[in-house]
Amino acid sequence: MQENNRTASLVKTMKEQITADLAEAKTPEQVEQIRIKYLGKKGLVTNFAKNTDFAKLPPDEKKNFGQQLNDLKNFAAEKIQESADNAAKLDSAQNKHRRQIDLTVPLTAAFQRSGSAHPIAHVQSELETIFEGMGFCVLDSPECETEYGNFESVNIPADHPARDMQDTFWLQNEMVLRTHTSANQVRALKRFGAPFRGIFPGRCFRYESIDPSHENTFFQCEGLMVDKGISVANLIGVMKTLLGEIFKRDVLVRLRPGFFPFVEPGFELDLNCLFCGGKGCPACGDGWMELIPCGLVHPNVLRNADIDPNEYSGFAFGVGLTRLAMMKFGIRDIRYFNSGDVRVLEQFQPLV
Ligand code: PHE
């Protein structure tokens, strides 16, 4: 009985030792060392009987010893196999990972290709720099607007025919995909008050049939300046600075009356088409490209932003960023912008 207890405690200690050794082993090689240590020819489990003087045990205790030894062998074999499997799995996963970042692989042409900024991103960034130079701030704004924000706040009531010109996509929560960036006029003035100078570039949407010069998804950059004594002269001055810096040459523009409910007086600033020189082409139509609708901020808009129109006046404009990018880069078809065609987009160098 005493022998049995001794055997049981030796088996227990051996099992604990095996478990502890395996817990340390991380690689298949380390597990293999442990297998040899216990189950190899001269292994501790293999020679357990010899080491414990099995032969000298009384016959009735030999049977019990045999059972315990079998149990120990099974335990050792099972646990070591388990660890070997896990270590092998880990090893192959690490190898795979190592292969993925193999720095010795020669650099092929495919790896040397770098991305480039979208042409609209180029123009937007350029515009932001120009306006920041004139003391304007640049504000981000949401692409979904409330009906009030997109229309009513800029003096377009529900029954106004101007809404027909800006049909858009209505969302189920009664918001709209904004048709223009003008919704930010009242938002910004309410937040920052007067005097104010800022631009709001962003994506706009209209229910529009698509052709070389029309898209249902396009970019605008709204600008707004409100202060005491602002007039059309300030508006023209800022527009001239803008175009001079963007095109870096003299361009021909014309100003003609235009109607927008949120400006009075309102203008259309057209650019003489840089593709056809004014003769007329698919990109422009009649030789002029409508580029910057603008005007003096309507008193109702100022009132909606709690600003007294007798004290303050201002101008607003909405540059067609997409059109500007077409003119600047000589892209003759507006449909390229949203096409995701890398052959077009990769022609533009990264911004940095
Ligand atoms: N929001 C107008 C449009 O998208 C453009 C505009 C902006 C006109 C500011 C005047 C002043 O058509």
# chains A, B, ... in the order shown; residues from 1 in each chain; ligands from 1
$ residues_near_ligand --ligand "ligand 1" --cutoff "8 Å" --atoms "only C-alpha atoms and all ligand atoms" --output "ChimeraX atom specification"
/A:166,179-182,220,222-224,260,262-263,266-268,292-297,315-319
$ residues_around --residues "range 153-161 of chain A" --least-positions-apart "3" --cutoff "6 Å" --atoms "only C-alpha atoms" --output "PyMOL selection string"
chain A and resi 148-149+164+261-262+301
$ residues_around --residues "Ile331 in chain A" --least-positions-apart "6" --cutoff "12 Å" --atoms "only C-alpha atoms" --output "NGL selection string"
:A and (119-120 or 212-213 or 274-275 or 282-284 or 322-325 or 337 or 344-345 or 347-348)
$ closest_residue --among "A:Lys26, A:Asp308, A:Val11, A:Thr241" --to "Gly66 in chain A" --atoms "only C-alpha atoms"
A:Val11
$ residues_around --residues "Gly287 in chain A" --least-positions-apart "4" --cutoff "7 Å" --atoms "only C-alpha atoms" --output "number ranges by chain"
A: 272-273, 276-281
$ decode --residues "range 204-219 of chain A" --atoms "all heavy atoms" --output "mmCIF file, in the first residue's frame"
data_model
loop_
_atom_site.group_PDB
_atom_site.id
_atom_site.type_symbol
_atom_site.label_atom_id
_atom_site.label_comp_id
_atom_site.auth_asym_id
_atom_site.auth_seq_id
_atom_site.Cartn_x
_atom_site.Cartn_y
_atom_site.Cartn_z
ATOM 1 N N CYS A 204 -22.204 68.178 -53.809
ATOM 2 C CA CYS A 204 -23.618 68.522 -53.931
ATOM 3 C C CYS A 204 -24.302 67.556 -54.899
ATOM 4 O O CYS A 204 -23.643 66.886 -55.687
ATOM 5 C CB CYS A 204 -23.784 69.944 -54.468
ATOM 6 S SG CYS A 204 -23.015 71.168 -53.414
ATOM 7 N N PHE A 205 -25.622 67.550 -54.848
ATOM 8 C CA PHE A 205 -26.377 66.569 -55.642
ATOM 9 C C PHE A 205 -27.587 67.238 -56.296
ATOM 10 O O PHE A 205 -28.237 68.071 -55.684
ATOM 11 C CB PHE A 205 -26.897 65.456 -54.730
ATOM 12 C CG PHE A 205 -25.850 64.887 -53.823
ATOM 13 C CD1 PHE A 205 -25.552 65.505 -52.606
ATOM 14 C CD2 PHE A 205 -25.148 63.753 -54.175
ATOM 15 C CE1 PHE A 205 -24.579 65.000 -51.758
ATOM 16 C CE2 PHE A 205 -24.173 63.230 -53.329
ATOM 17 C CZ PHE A 205 -23.893 63.855 -52.126
ATOM 18 N N ARG A 206 -27.861 66.841 -57.522
ATOM 19 C CA ARG A 206 -29.091 67.309 -58.155
ATOM 20 C C ARG A 206 -29.667 66.236 -59.038
ATOM 21 O O ARG A 206 -28.926 65.416 -59.586
ATOM 22 C CB ARG A 206 -28.861 68.554 -58.998
ATOM 23 C CG ARG A 206 -28.777 69.770 -58.140
ATOM 24 C CD ARG A 206 -28.745 71.046 -58.920
ATOM 25 N NE ARG A 206 -28.104 72.047 -58.068
ATOM 26 C CZ ARG A 206 -27.777 73.249 -58.449
ATOM 27 N NH1 ARG A 206 -28.030 73.631 -59.686
ATOM 28 N NH2 ARG A 206 -27.212 74.085 -57.618
ATOM 29 N N TYR A 207 -30.978 66.266 -59.176
ATOM 30 C CA TYR A 207 -31.651 65.336 -60.063
ATOM 31 C C TYR A 207 -31.418 65.857 -61.476
ATOM 32 O O TYR A 207 -32.038 66.800 -61.916
ATOM 33 C CB TYR A 207 -33.138 65.305 -59.714
ATOM 34 C CG TYR A 207 -33.915 64.341 -60.540
ATOM 35 C CD1 TYR A 207 -33.748 62.970 -60.371
ATOM 36 C CD2 TYR A 207 -34.829 64.786 -61.496
ATOM 37 C CE1 TYR A 207 -34.452 62.071 -61.136
ATOM 38 C CE2 TYR A 207 -35.538 63.891 -62.266
ATOM 39 C CZ TYR A 207 -35.345 62.538 -62.077
ATOM 40 O OH TYR A 207 -36.038 61.641 -62.837
ATOM 41 N N GLU A 208 -30.479 65.263 -62.164
ATOM 42 C CA GLU A 208 -29.972 65.853 -63.401
ATOM 43 C C GLU A 208 -29.671 64.735 -64.381
ATOM 44 O O GLU A 208 -29.159 63.693 -63.975
ATOM 45 C CB GLU A 208 -28.661 66.560 -63.036
ATOM 46 C CG GLU A 208 -28.057 67.412 -64.108
ATOM 47 C CD GLU A 208 -28.432 68.862 -63.934
ATOM 48 O OE1 GLU A 208 -28.188 69.438 -62.852
ATOM 49 O OE2 GLU A 208 -28.984 69.411 -64.901
ATOM 50 N N SER A 209 -29.994 64.920 -65.649
ATOM 51 C CA SER A 209 -29.540 63.872 -66.565
ATOM 52 C C SER A 209 -28.085 64.161 -66.939
ATOM 53 O O SER A 209 -27.682 65.303 -67.129
ATOM 54 C CB SER A 209 -30.427 63.749 -67.805
ATOM 55 O OG SER A 209 -31.028 64.948 -68.096
ATOM 56 N N ILE A 210 -27.328 63.077 -67.010
ATOM 57 C CA ILE A 210 -25.877 63.218 -67.145
ATOM 58 C C ILE A 210 -25.475 63.349 -68.607
ATOM 59 O O ILE A 210 -25.951 62.606 -69.464
ATOM 60 C CB ILE A 210 -25.185 61.999 -66.498
ATOM 61 C CG1 ILE A 210 -25.543 61.968 -65.011
ATOM 62 C CG2 ILE A 210 -23.688 62.042 -66.680
ATOM 63 C CD1 ILE A 210 -24.982 60.794 -64.266
ATOM 64 N N ASP A 211 -24.620 64.315 -68.889
ATOM 65 C CA ASP A 211 -24.022 64.454 -70.225
ATOM 66 C C ASP A 211 -22.610 65.035 -70.020
ATOM 67 O O ASP A 211 -22.184 65.175 -68.881
ATOM 68 C CB ASP A 211 -24.927 65.309 -71.147
ATOM 69 C CG ASP A 211 -25.062 66.740 -70.666
ATOM 70 O OD1 ASP A 211 -24.125 67.256 -70.033
ATOM 71 O OD2 ASP A 211 -26.109 67.363 -70.935
ATOM 72 N N PRO A 212 -21.866 65.357 -71.088
ATOM 73 C CA PRO A 212 -20.473 65.784 -70.875
ATOM 74 C C PRO A 212 -20.308 66.970 -69.924
ATOM 75 O O PRO A 212 -19.239 67.171 -69.355
ATOM 76 C CB PRO A 212 -19.982 66.133 -72.284
ATOM 77 C CG PRO A 212 -20.832 65.311 -73.183
ATOM 78 C CD PRO A 212 -22.182 65.225 -72.528
ATOM 79 N N SER A 213 -21.350 67.789 -69.765
ATOM 80 C CA SER A 213 -21.174 68.932 -68.867
ATOM 81 C C SER A 213 -22.149 68.941 -67.686
ATOM 82 O O SER A 213 -22.227 69.934 -66.961
ATOM 83 C CB SER A 213 -21.267 70.239 -69.662
ATOM 84 O OG SER A 213 -22.478 70.288 -70.356
ATOM 85 N N HIS A 214 -22.884 67.861 -67.467
ATOM 86 C CA HIS A 214 -23.795 67.816 -66.312
ATOM 87 C C HIS A 214 -23.649 66.507 -65.556
ATOM 88 O O HIS A 214 -23.557 65.447 -66.160
ATOM 89 C CB HIS A 214 -25.253 67.967 -66.759
ATOM 90 C CG HIS A 214 -25.559 69.306 -67.318
ATOM 91 N ND1 HIS A 214 -25.418 69.613 -68.652
ATOM 92 C CD2 HIS A 214 -25.954 70.447 -66.702
ATOM 93 C CE1 HIS A 214 -25.727 70.885 -68.838
ATOM 94 N NE2 HIS A 214 -26.055 71.413 -67.673
ATOM 95 N N GLU A 215 -23.661 66.612 -64.255
ATOM 96 C CA GLU A 215 -23.539 65.440 -63.377
ATOM 97 C C GLU A 215 -24.576 65.564 -62.273
ATOM 98 O O GLU A 215 -24.923 66.671 -61.876
ATOM 99 C CB GLU A 215 -22.142 65.447 -62.722
ATOM 100 C CG GLU A 215 -21.232 64.323 -63.134
ATOM 101 C CD GLU A 215 -21.629 62.956 -62.601
ATOM 102 O OE1 GLU A 215 -22.655 62.820 -61.912
ATOM 103 O OE2 GLU A 215 -20.872 62.010 -62.893
ATOM 104 N N ASN A 216 -25.017 64.426 -61.734
ATOM 105 C CA ASN A 216 -25.929 64.523 -60.581
ATOM 106 C C ASN A 216 -25.153 64.665 -59.257
ATOM 107 O O ASN A 216 -25.723 64.983 -58.234
ATOM 108 C CB ASN A 216 -26.886 63.332 -60.523
ATOM 109 C CG ASN A 216 -26.152 62.003 -60.476
ATOM 110 O OD1 ASN A 216 -25.025 61.929 -60.006
ATOM 111 N ND2 ASN A 216 -26.792 60.962 -60.974
ATOM 112 N N THR A 217 -23.849 64.436 -59.310
ATOM 113 C CA THR A 217 -23.030 64.572 -58.104
ATOM 114 C C THR A 217 -21.796 65.392 -58.457
ATOM 115 O O THR A 217 -21.011 64.977 -59.311
ATOM 116 C CB THR A 217 -22.605 63.176 -57.599
ATOM 117 O OG1 THR A 217 -23.782 62.400 -57.390
ATOM 118 C CG2 THR A 217 -21.838 63.272 -56.301
ATOM 119 N N PHE A 218 -21.655 66.535 -57.851
ATOM 120 C CA PHE A 218 -20.584 67.450 -58.261
ATOM 121 C C PHE A 218 -20.117 68.251 -57.044
ATOM 122 O O PHE A 218 -20.714 68.153 -55.971
ATOM 123 C CB PHE A 218 -21.103 68.395 -59.349
ATOM 124 C CG PHE A 218 -22.336 69.155 -58.926
ATOM 125 C CD1 PHE A 218 -22.252 70.442 -58.430
ATOM 126 C CD2 PHE A 218 -23.588 68.555 -58.991
ATOM 127 C CE1 PHE A 218 -23.384 71.132 -58.005
ATOM 128 C CE2 PHE A 218 -24.729 69.237 -58.559
ATOM 129 C CZ PHE A 218 -24.623 70.520 -58.079
ATOM 130 N N PHE A 219 -19.078 69.022 -57.224
ATOM 131 C CA PHE A 219 -18.518 69.777 -56.094
ATOM 132 C C PHE A 219 -18.673 71.283 -56.292
ATOM 133 O O PHE A 219 -18.496 71.785 -57.403
ATOM 134 C CB PHE A 219 -17.039 69.454 -55.917
ATOM 135 C CG PHE A 219 -16.811 68.152 -55.209
ATOM 136 C CD1 PHE A 219 -17.018 66.955 -55.870
ATOM 137 C CD2 PHE A 219 -16.416 68.128 -53.882
ATOM 138 C CE1 PHE A 219 -16.826 65.741 -55.226
ATOM 139 C CE2 PHE A 219 -16.225 66.921 -53.229
ATOM 140 C CZ PHE A 219 -16.428 65.726 -53.896
#
